[in-house]
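Below: one structure, written as structure tokens.
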Amino acid sequence: MPFEADLAHALDRTTDSLEPDLTAIVGGAVERGRGRRRRRSAAVAAGVGACVAIAAAGVMAPQMLAGLRSTGSEGVSPMSAPRSAIADTQMIQTLEATFPGARFSQVTGQSSNPSDPSSGNVANAGLVLDDGQGAASVGVSAVRLKLPLRDGDGLSCDRTPARAAGDTCKMSELPSSATIPGGALVMSEQTAAKQPAHADTARRWTVTVTVKSTGAQLQMVQWNTAVGSGPDTPKPTRTAPPLSEQQVVAALTGSTWAPILGAVG
């Protein structure tokens, strides 16, 4: 019984240790933009978008694709409109091109258009893929942060409360290049969907690349499970995400995503 609603107020860092209702997720990437807009207008520190609702019990689930991470009230980064319009079909096609040879289902997308404020400032695409290694939920979102950059969404591993056991976050930097002038910040996270985590606990991997000179930010979220109608906590369908951290960074800063990166920043 999938449903869509806003997760912006609920997906705070404090929910990262709660057990997810994995059946409740659809179109998570689409909701990231809506959650971001509401979060800014209400000045509420909340989880990034690619979002759907959390039930009253506080559960969450794996097709909260692009933007499942969340930030504390002191670390919300304000956003700017993209420089050029980005169509939902463009986001979807680019995401599919990132996984050549895979089969796709449950495909969703959201456009962003600086001349149409009602469309929001976040372009998204999400899908479930099967690359022969098991199904996985994957999503990407594209936003532009206001300059100068400050600690916040995708820019710092600092968080309150402390991360749950086994959850990780690390920051790194990329040198300046033609695609990423001035270099980029990279935040890589791994989070268990349930605490305490066990070998059969679903997990998500989030990689966020932020171009320092423009504020353009791409984020990819991968789950080692897919949305389904089974138990609330399905078993992982694979041990690792479709792409490693290094492969995600290479993809988001490579030729496939360069048109998106240029349009947003």
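Convention: chains lettered A, B, ... in structure tokens order; per-chain residue numbering from 1; ligands numbered from 1 as shown.
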So which residues touch Thr98 (chain A) within 8 Å, counting only C-alpha atoms, skipping near sequence neighbours fewer than 2 positions away, as a list of chain:residue names?
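Final neighbour list, sorted by chain and number: A:Thr94, A:Leu95, A:Glu96, A:Pro100, A:Ala251, A:Thr256.
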Skip Ser156 (chain A) itself and residues of its chain fewer than 2 positions away, then list as a list in words all residues within 9 Å of it, counting only C-alpha atoms.
Gly75, Arg150, Asp151, Gly152, Asp153, Gly154, Asp158, Arg159, Cys169, Lys170, Met171 and Met187 of chain A
Residues within 10 Å of Pro236 (chain A), only C-alpha atoms, excluding chain neighbours under 2 positions, as an MDAnalysis selection string
chainID A and resid 134:136 199:203 223:226 233:234 238:240
Please produce a file of the residues just selected, as a tab-separated table (two decimals), in the first residue's frame, where the atoms kept are all heavy atoms.
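again28.tsv, freshly written:
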```tsv
chain	number	residue	atom	x	y	z
A	134	GLY	N	21.03	-8.81	-8.25
A	134	GLY	CA	19.97	-8.59	-7.28
A	134	GLY	C	19.36	-7.22	-7.46
A	134	GLY	O	20.01	-6.28	-7.92
A	135	ALA	N	18.11	-7.08	-7.10
A	135	ALA	CA	17.41	-5.80	-7.25
A	135	ALA	C	17.94	-4.77	-6.27
A	135	ALA	O	18.37	-5.10	-5.17
A	135	ALA	CB	15.91	-5.99	-7.06
A	136	ALA	N	17.90	-3.51	-6.68
A	136	ALA	CA	18.36	-2.42	-5.83
A	136	ALA	C	17.58	-1.16	-6.18
A	136	ALA	O	17.29	-0.90	-7.34
A	136	ALA	CB	19.86	-2.16	-6.03
A	199	ALA	N	23.37	-8.88	9.92
A	199	ALA	CA	23.87	-9.22	8.59
A	199	ALA	C	22.78	-9.14	7.53
A	199	ALA	O	23.05	-8.87	6.36
A	199	ALA	CB	24.49	-10.62	8.60
A	200	ASP	N	21.53	-9.37	7.94
A	200	ASP	CA	20.43	-9.35	6.98
A	200	ASP	C	19.63	-8.05	7.03
A	200	ASP	O	18.48	-8.01	6.62
A	200	ASP	CB	19.50	-10.55	7.20
A	200	ASP	CG	18.89	-10.56	8.60
A	200	ASP	OD1	19.28	-9.71	9.43
A	200	ASP	OD2	18.01	-11.41	8.86
A	201	THR	N	20.23	-6.99	7.53
A	201	THR	CA	19.58	-5.68	7.58
A	201	THR	C	19.81	-4.93	6.27
A	201	THR	O	20.94	-4.86	5.78
A	201	THR	CB	20.12	-4.85	8.74
A	201	THR	OG1	19.85	-5.52	9.98
A	201	THR	CG2	19.47	-3.47	8.77
A	202	ALA	N	18.76	-4.37	5.70
A	202	ALA	CA	18.91	-3.56	4.50
A	202	ALA	C	19.73	-2.32	4.81
A	202	ALA	O	19.69	-1.78	5.92
A	202	ALA	CB	17.54	-3.16	3.96
A	203	ARG	N	20.49	-1.85	3.82
A	203	ARG	CA	21.36	-0.69	4.02
A	203	ARG	C	21.24	0.26	2.84
A	203	ARG	O	20.84	-0.12	1.74
A	203	ARG	CB	22.83	-1.12	4.17
A	203	ARG	CG	23.07	-1.96	5.42
A	203	ARG	CD	24.53	-2.39	5.53
A	203	ARG	NE	24.74	-3.19	6.72
A	203	ARG	CZ	25.00	-2.70	7.93
A	203	ARG	NH1	25.14	-1.39	8.07
A	203	ARG	NH2	25.16	-3.48	8.96
A	223	TRP	N	20.19	1.48	-2.39
A	223	TRP	CA	19.79	0.52	-1.37
A	223	TRP	C	20.08	-0.89	-1.88
A	223	TRP	O	19.98	-1.16	-3.07
A	223	TRP	CB	18.30	0.63	-1.07
A	223	TRP	CG	17.92	1.85	-0.29
A	223	TRP	CD1	17.66	3.09	-0.76
A	223	TRP	CD2	17.74	1.91	1.13
A	223	TRP	NE1	17.34	3.93	0.27
A	223	TRP	CE2	17.37	3.23	1.44
A	223	TRP	CE3	17.84	0.97	2.16
A	223	TRP	CZ2	17.11	3.65	2.74
A	223	TRP	CZ3	17.58	1.40	3.46
A	223	TRP	CH2	17.22	2.71	3.74
A	224	ASN	N	20.42	-1.78	-0.97
A	224	ASN	CA	20.64	-3.17	-1.37
A	224	ASN	C	19.36	-3.99	-1.23
A	224	ASN	O	19.38	-5.18	-0.91
A	224	ASN	CB	21.78	-3.81	-0.57
A	224	ASN	CG	21.48	-3.90	0.92
A	224	ASN	OD1	20.60	-3.21	1.43
A	224	ASN	ND2	22.22	-4.75	1.62
A	225	THR	N	18.24	-3.35	-1.48
A	225	THR	CA	16.95	-4.01	-1.51
A	225	THR	C	16.04	-3.19	-2.40
A	225	THR	O	16.40	-2.09	-2.82
A	225	THR	CB	16.35	-4.16	-0.10
A	225	THR	OG1	15.18	-4.98	-0.15
A	225	THR	CG2	15.99	-2.80	0.48
A	226	ALA	N	14.87	-3.71	-2.71
A	226	ALA	CA	13.91	-3.00	-3.56
A	226	ALA	C	12.58	-2.90	-2.85
A	226	ALA	O	12.28	-3.68	-1.95
A	226	ALA	CB	13.74	-3.75	-4.90
A	233	THR	N	10.12	-5.37	6.94
A	233	THR	CA	11.57	-5.31	6.86
A	233	THR	C	12.08	-6.45	5.98
A	233	THR	O	12.52	-7.48	6.48
A	233	THR	CB	12.21	-5.41	8.26
A	233	THR	OG1	11.57	-4.48	9.13
A	233	THR	CG2	13.70	-5.10	8.19
A	234	PRO	N	12.02	-6.31	4.66
A	234	PRO	CA	12.48	-7.38	3.78
A	234	PRO	C	13.98	-7.57	3.88
A	234	PRO	O	14.71	-6.67	4.29
A	234	PRO	CB	12.08	-6.88	2.39
A	234	PRO	CG	12.03	-5.41	2.54
A	234	PRO	CD	11.54	-5.15	3.92
A	238	ARG	N	20.94	-8.13	-2.11
A	238	ARG	CA	22.34	-8.18	-2.52
A	238	ARG	C	23.18	-7.70	-1.35
A	238	ARG	O	22.68	-7.05	-0.43
A	238	ARG	CB	22.57	-7.31	-3.76
A	238	ARG	CG	22.10	-5.88	-3.57
A	238	ARG	CD	21.97	-5.15	-4.89
A	238	ARG	NE	23.26	-5.07	-5.56
A	238	ARG	CZ	23.39	-4.98	-6.89
A	238	ARG	NH1	22.32	-4.95	-7.67
A	238	ARG	NH2	24.58	-4.89	-7.45
A	239	THR	N	24.48	-7.98	-1.39
A	239	THR	CA	25.34	-7.60	-0.27
A	239	THR	C	25.91	-6.19	-0.43
A	239	THR	O	26.27	-5.55	0.56
A	239	THR	CB	26.51	-8.58	-0.13
A	239	THR	OG1	27.24	-8.62	-1.37
A	239	THR	CG2	25.99	-9.99	0.19
A	240	ALA	N	26.00	-5.72	-1.66
A	240	ALA	CA	26.63	-4.42	-1.93
A	240	ALA	C	25.76	-3.63	-2.89
A	240	ALA	O	24.93	-4.20	-3.61
A	240	ALA	CB	28.03	-4.62	-2.52
```
I'd like to know which of A:Gln246, A:Thr208, A:Thr214, A:Thr179 is closest to Met79 (chain A), using only C-alpha atoms.
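With only C-alpha atoms as the atom set, the closest residue is A:Thr214.
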Go through region 84-251 of chain A and collect every residue that DSSP, computed from the backbone, puts in helix (DSSP H, G or I); the answer should be as JSON, numbers by chain.
{"A": [88, 89, 90, 91, 92, 93, 94, 95, 96, 97, 117, 118, 119, 245, 246, 247, 248, 249, 250, 251]}
Give me a file of those residues, with N, CA, C and O atoms, as a tab-separated table (two decimals), in the first residue's frame.
```
chain	number	residue	atom	x	y	z
A	88	ASP	N	12.33	15.86	-16.27
A	88	ASP	CA	12.32	14.58	-15.57
A	88	ASP	C	12.81	13.46	-16.47
A	88	ASP	O	13.53	12.56	-16.02
A	89	THR	N	12.46	13.53	-17.76
A	89	THR	CA	12.92	12.49	-18.69
A	89	THR	C	14.44	12.51	-18.85
A	89	THR	O	15.06	11.46	-19.00
A	90	GLN	N	15.03	13.71	-18.79
A	90	GLN	CA	16.48	13.81	-18.88
A	90	GLN	C	17.14	13.17	-17.67
A	90	GLN	O	18.15	12.45	-17.79
A	91	MET	N	16.57	13.41	-16.49
A	91	MET	CA	17.10	12.80	-15.28
A	91	MET	C	16.99	11.28	-15.35
A	91	MET	O	17.92	10.55	-15.01
A	92	ILE	N	15.83	10.81	-15.77
A	92	ILE	CA	15.61	9.36	-15.85
A	92	ILE	C	16.56	8.71	-16.85
A	92	ILE	O	17.20	7.68	-16.55
A	93	GLN	N	16.67	9.29	-18.03
A	93	GLN	CA	17.53	8.72	-19.06
A	93	GLN	C	19.00	8.71	-18.62
A	93	GLN	O	19.73	7.76	-18.90
A	94	THR	N	19.40	9.77	-17.93
A	94	THR	CA	20.79	9.83	-17.45
A	94	THR	C	21.04	8.80	-16.38
A	94	THR	O	22.10	8.14	-16.35
A	95	LEU	N	20.07	8.62	-15.48
A	95	LEU	CA	20.23	7.61	-14.44
A	95	LEU	C	20.29	6.21	-15.05
A	95	LEU	O	21.13	5.39	-14.66
A	96	GLU	N	19.43	5.93	-16.01
A	96	GLU	CA	19.46	4.62	-16.65
A	96	GLU	C	20.78	4.39	-17.39
A	96	GLU	O	21.32	3.28	-17.38
A	97	ALA	N	21.32	5.45	-18.00
A	97	ALA	CA	22.59	5.32	-18.72
A	97	ALA	C	23.76	5.05	-17.79
A	97	ALA	O	24.80	4.56	-18.23
A	117	PRO	N	8.65	28.61	-10.76
A	117	PRO	CA	8.88	28.31	-9.33
A	117	PRO	C	8.06	27.15	-8.81
A	117	PRO	O	8.48	26.46	-7.87
A	118	SER	N	6.89	26.91	-9.38
A	118	SER	CA	6.05	25.83	-8.88
A	118	SER	C	6.65	24.46	-9.13
A	118	SER	O	6.26	23.48	-8.50
A	119	SER	N	7.61	24.38	-10.05
A	119	SER	CA	8.23	23.09	-10.35
A	119	SER	C	9.27	22.69	-9.32
A	119	SER	O	9.70	21.55	-9.27
A	245	GLU	N	31.56	3.40	-4.03
A	245	GLU	CA	31.70	4.84	-3.82
A	245	GLU	C	32.52	5.49	-4.93
A	245	GLU	O	32.15	6.54	-5.48
A	246	GLN	N	33.64	4.86	-5.29
A	246	GLN	CA	34.51	5.41	-6.32
A	246	GLN	C	33.80	5.45	-7.68
A	246	GLN	O	33.95	6.41	-8.45
A	247	GLN	N	33.00	4.41	-7.96
A	247	GLN	CA	32.27	4.38	-9.22
A	247	GLN	C	31.18	5.45	-9.27
A	247	GLN	O	30.94	6.05	-10.32
A	248	VAL	N	30.53	5.69	-8.14
A	248	VAL	CA	29.51	6.75	-8.09
A	248	VAL	C	30.14	8.10	-8.35
A	248	VAL	O	29.64	8.90	-9.16
A	249	VAL	N	31.26	8.39	-7.68
A	249	VAL	CA	31.93	9.67	-7.86
A	249	VAL	C	32.36	9.84	-9.31
A	249	VAL	O	32.18	10.91	-9.92
A	250	ALA	N	32.92	8.78	-9.89
A	250	ALA	CA	33.35	8.83	-11.29
A	250	ALA	C	32.17	9.08	-12.22
A	250	ALA	O	32.27	9.84	-13.19
A	251	ALA	N	31.03	8.45	-11.91
A	251	ALA	CA	29.85	8.62	-12.76
A	251	ALA	C	29.30	10.04	-12.65
A	251	ALA	O	29.01	10.69	-13.67
```
Strand (DSSP E) call set, DSSP backbone run, region 64-255 of chain A, as an NGL selection string:
:A and (79-80 or 103-110 or 123-130 or 135-145 or 168-174 or 184-192 or 203-211 or 216-223)
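With CA of Val209 (chain A) on one side and CA of Leu129 (chain A) on the other, the separation reads 22.1 Å.
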Name the closest residue to Lys194 (chain A) among the candidates A:Thr108, A:Pro78, A:Ala164, A:Val221; distances are taken between atoms, counting only C-alpha atoms.
A:Ala164
